[in-house]
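J.: Below is one structure. I have some questions about it.
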Amino acid sequence: MSNWRRSFLKNKKILVTGGAGFIGSHLVRLLLKQNHEVICLDNLISGQYQLVEPLLTHPHFTFIEADITHPLPSMSVDQVYNLASPASPKDYQKNPIATIKTNVIGMANVLDFANSCSATVLQASTSEVYGDPEIHPQVESYLGRVNPIGIRSCYDEGKRSAETLCSDYARQFNLDVKIARIFNTYGPHMRRDDGRVVSNFINQALLGENITLYGNGEQTRSFCYIEDLVTGLVALMNSTHDYSPVNLGNPSEISMRELALMIKNLIPSDSSIIYKALPQDDPSRRCPDITKAKKILSWSPTTDLRDGLAQTISYFKNL
Ligand SMILES: NC(=O)c1ccc[n+]([C@@H]2O[C@H](COP(=O)([O-])OP(=O)(O)OC[C@H]3O[C@@H](n4cnc5c(N)ncnc54)[C@H](O)[C@@H]3O)[C@@H](O)[C@H]2O)c1
């Protein structure tokens, strides 16, 4: 049995910041299933209270409504997953200052808190730290090409600063820190109105509206199903790996036009595909190199895009 599998069999007290969000709500459920005691801390800026409400009666679950830009409540935990941050462009562009403060001041508060109780921290970083990349697929050693003053900067540069803080706390205080660079993730519990491409296309196709493609639709992304992603996060948290970042995502690349057609066929819908101007700083290609995750975590995603989209469509239909 691998080390990380053995270590998560032991019950732990785990704080998940941002646990009322899309990824956090799945992570919290997985950790509860593994018999850990889970504390979810969230200010609900982009989260959904209805995702934590059904867990409130669970004997090992606690919800704290709080903001990580303020010092965290005093308590002792074994692990902290720091997922708190608006993540969709629509959310962070509506709240740019709150977003960068969450990723800088909030990150420092999370690290101070973890240092006070010697907890291991996993930071949910992002492929956005690579900006509009010049190399393809993106490998962890690539330093990125990010605009510091654009409309995405509060998020991209915020996450880059958060990685800097993580590595400085690891070096200065010997804090056990892990950095996951998460690539586009999709699945049930996404908000229908979060403005991300998968939810947009499904929503438009379900309503019979035009499916909006930006630019010529040839830009690519790679989509990882939520269950694969949270398994990767838990594997990294429980590994002996240090603070050097690890890409977590699905390396199968698809163009936005192909994605629109796949969703249109799965629903099925007679929506037309229409084209609009590409937003500022929208990366043209994004695809992870996951050689490192495969090597150190024996992790790789297993869910086929068509199957994952079918699960997501069925969740949206039942909302
Ligand atoms: N979903 C993706 O494809 C993706 C890709 C890369 C990285 N990530 C990262 O993973 C994390 C979770 O993303 P998500 O998709 O679940 O987003 P989400 O918006 O659904 O969840 C983020 C959660 O953090 C909470 N939050 C935000 N600011 C906070 C603050 N200051 N204090 C306390 N809580 C706060 C929100 O209310 C929300 O519940 C984020 O850090 C995001 O940057 C996500």
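Numbering starts fresh at 1 for the residues of each chain in the structure tokens, the chains themselves are lettered A, B, ... in the order given, and ligands are numbered from 1 as they appear.
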Where does range 167-235 of chain A meet range 109-116 of chain A within 10 Å, residue by residue, with the nearest atom pair and distance in Å to one decimal for each, counting only C-alpha atoms, listed by chain and rising number, as a Markdown table?
T.:
```
| residue | atom | partner | partner_atom | distance |
| --- | --- | --- | --- | --- |
| A:Tyr169 | CA | A:Leu111 | CA | 7.2 |
| A:Ala170 | CA | A:Leu111 | CA | 9.4 |
| A:Phe173 | CA | A:Asn115 | CA | 7.6 |
| A:Asn174 | CA | A:Asn115 | CA | 9.0 |
| A:Leu175 | CA | A:Asn115 | CA | 6.4 |
| A:Asp176 | CA | A:Asn115 | CA | 8.9 |
| A:Val177 | CA | A:Leu111 | CA | 8.9 |
```
J.: Go ahead and write the selection's residues with N, CA and C atoms as a PDB file, in the first residue's frame.
T.:
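The resulting file, again36.pdb, is reproduced below:
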```pdb
ATOM      1  N   TYR A 169       7.155  30.260   3.721  1.00  0.00           N
ATOM      2  CA  TYR A 169       6.831  29.654   5.028  1.00  0.00           C
ATOM      3  C   TYR A 169       7.481  28.273   5.138  1.00  0.00           C
ATOM      4  N   ALA A 170       7.521  27.542   4.021  1.00  0.00           N
ATOM      5  CA  ALA A 170       8.147  26.214   4.057  1.00  0.00           C
ATOM      6  C   ALA A 170       9.641  26.346   4.372  1.00  0.00           C
ATOM      7  N   PHE A 173      10.013  28.541   8.097  1.00  0.00           N
ATOM      8  CA  PHE A 173       9.495  27.896   9.320  1.00  0.00           C
ATOM      9  C   PHE A 173       9.491  26.375   9.233  1.00  0.00           C
ATOM     10  N   ASN A 174       9.977  25.867   8.099  1.00  0.00           N
ATOM     11  CA  ASN A 174       9.961  24.418   7.914  1.00  0.00           C
ATOM     12  C   ASN A 174       8.531  23.860   7.946  1.00  0.00           C
ATOM     13  N   LEU A 175       7.581  24.704   7.524  1.00  0.00           N
ATOM     14  CA  LEU A 175       6.176  24.275   7.506  1.00  0.00           C
ATOM     15  C   LEU A 175       5.976  23.282   6.350  1.00  0.00           C
ATOM     16  N   ASP A 176       5.179  22.256   6.606  1.00  0.00           N
ATOM     17  CA  ASP A 176       4.914  21.255   5.569  1.00  0.00           C
ATOM     18  C   ASP A 176       3.831  21.814   4.628  1.00  0.00           C
ATOM     19  N   VAL A 177       4.222  22.171   3.418  1.00  0.00           N
ATOM     20  CA  VAL A 177       3.312  22.828   2.475  1.00  0.00           C
ATOM     21  C   VAL A 177       3.308  22.058   1.151  1.00  0.00           C
TER      22      VAL A 177
END
```
J.: Would you give me, as CSV, each residue of chain A having an atom within 7 Å of an atom of ligand 1, along with its shortest atom pair and that distance in Å to one decimal, using only C-alpha atoms and all ligand atoms and sorting by chain and residue number?
T.:
```
residue,atom,partner,partner_atom_place_in_ligand_line,distance
A:Thr17,CA,ligand 1,34 (N),5.9
A:Gly18,CA,ligand 1,24 (O),3.4
A:Gly19,CA,ligand 1,39 (O),5.8
A:Ala20,CA,ligand 1,39 (O),4.1
A:Gly21,CA,ligand 1,39 (O),3.3
A:Phe22,CA,ligand 1,16 (O),3.7
A:Ile23,CA,ligand 1,16 (O),3.7
A:Gly24,CA,ligand 1,16 (O),5.4
A:Leu41,CA,ligand 1,33 (C),6.2
A:Asp42,CA,ligand 1,34 (N),3.6
A:Asn43,CA,ligand 1,33 (C),4.2
A:Leu44,CA,ligand 1,37 (O),3.3
A:Ile45,CA,ligand 1,37 (O),3.9
A:Ser46,CA,ligand 1,37 (O),4.0
A:Gly47,CA,ligand 1,39 (O),3.0
A:Gln48,CA,ligand 1,39 (O),6.2
A:Ala66,CA,ligand 1,33 (C),5.8
A:Asp67,CA,ligand 1,32 (N),3.4
A:Ile68,CA,ligand 1,32 (N),4.1
A:Thr69,CA,ligand 1,31 (N),5.4
A:Asn82,CA,ligand 1,41 (O),6.9
A:Leu83,CA,ligand 1,41 (O),4.0
A:Ala84,CA,ligand 1,24 (O),3.4
A:Ser85,CA,ligand 1,27 (C),3.6
A:Pro86,CA,ligand 1,19 (O),4.2
A:Ala87,CA,ligand 1,43 (O),4.4
A:Ser88,CA,ligand 1,19 (O),6.5
A:Ala98,CA,ligand 1,31 (N),6.9
A:Thr99,CA,ligand 1,28 (N),6.7
A:Thr102,CA,ligand 1,31 (N),4.6
A:Gly106,CA,ligand 1,31 (N),6.2
A:Ala124,CA,ligand 1,10 (O),4.9
A:Ser125,CA,ligand 1,7 (C),5.4
A:Thr126,CA,ligand 1,6 (C),4.0
A:Ser127,CA,ligand 1,6 (C),6.1
A:Arg181,CA,ligand 1,6 (C),6.7
A:Ile182,CA,ligand 1,6 (C),4.1
A:Phe183,CA,ligand 1,5 (C),4.8
A:Asn184,CA,ligand 1,3 (O),3.6
A:Thr185,CA,ligand 1,3 (O),3.7
A:Tyr186,CA,ligand 1,3 (O),6.3
A:Met190,CA,ligand 1,20 (O),6.7
```
J.: Write out as a PyMOL selection string each polymer residue whose atoms come within 12 Å of Ser161 in chain A, counting only C-alpha atoms; drop sequence neighbours fewer than 2 positions from it.
T.: chain A and resi 100-108+123+125-126+129+148+153-159+163-168
J.: May I have the selected residues written with C-alpha atoms, as a CSV table (one decimal), in the first residue's frame?
T.:
```
chain,number,residue,atom,x,y,z
A,100,ILE,CA,-6.2,39.5,-4.4
A,101,LYS,CA,-6.6,40.2,-0.7
A,102,THR,CA,-7.9,36.6,-0.2
A,103,ASN,CA,-4.8,35.2,-2.1
A,104,VAL,CA,-2.2,37.4,-0.3
A,105,ILE,CA,-3.5,38.4,3.1
A,106,GLY,CA,-5.8,35.3,3.4
A,107,MET,CA,-3.0,33.0,2.4
A,108,ALA,CA,-0.7,34.5,5.0
A,123,GLN,CA,-2.7,25.4,-1.4
A,125,SER,CA,-3.1,27.0,-6.9
A,126,THR,CA,-4.0,27.2,-10.5
A,129,VAL,CA,-0.1,31.0,-12.9
A,148,PRO,CA,0.4,42.0,-13.9
A,153,SER,CA,-4.3,39.7,-12.7
A,154,CYS,CA,-6.1,39.8,-9.3
A,155,TYR,CA,-6.4,36.0,-9.6
A,156,ASP,CA,-3.3,35.1,-11.6
A,157,GLU,CA,-0.9,37.3,-9.7
A,158,GLY,CA,-2.8,36.6,-6.4
A,159,LYS,CA,-2.2,32.9,-6.9
A,163,GLU,CA,2.7,30.3,-4.0
A,164,THR,CA,5.6,32.6,-3.0
A,165,LEU,CA,4.2,32.8,0.5
A,166,CYS,CA,3.8,29.0,0.7
A,167,SER,CA,7.4,28.4,-0.3
A,168,ASP,CA,8.7,31.1,2.0
```
J.: Asp193 in chain A: which residues within 9 Å, counting only C-alpha atoms, same-chain residues fewer than 6 positions away excluded, as a list of chain:residue names?
T.: A:Ser199, A:Asn200, A:Asn203
J.: Can you work out which one of A:Phe63, A:Lys90, A:Thr240, A:Gln34 has the shortest atom-to-atom distance to Arg191 in chain A, counting only C-alpha atoms?
T.: A:Lys90
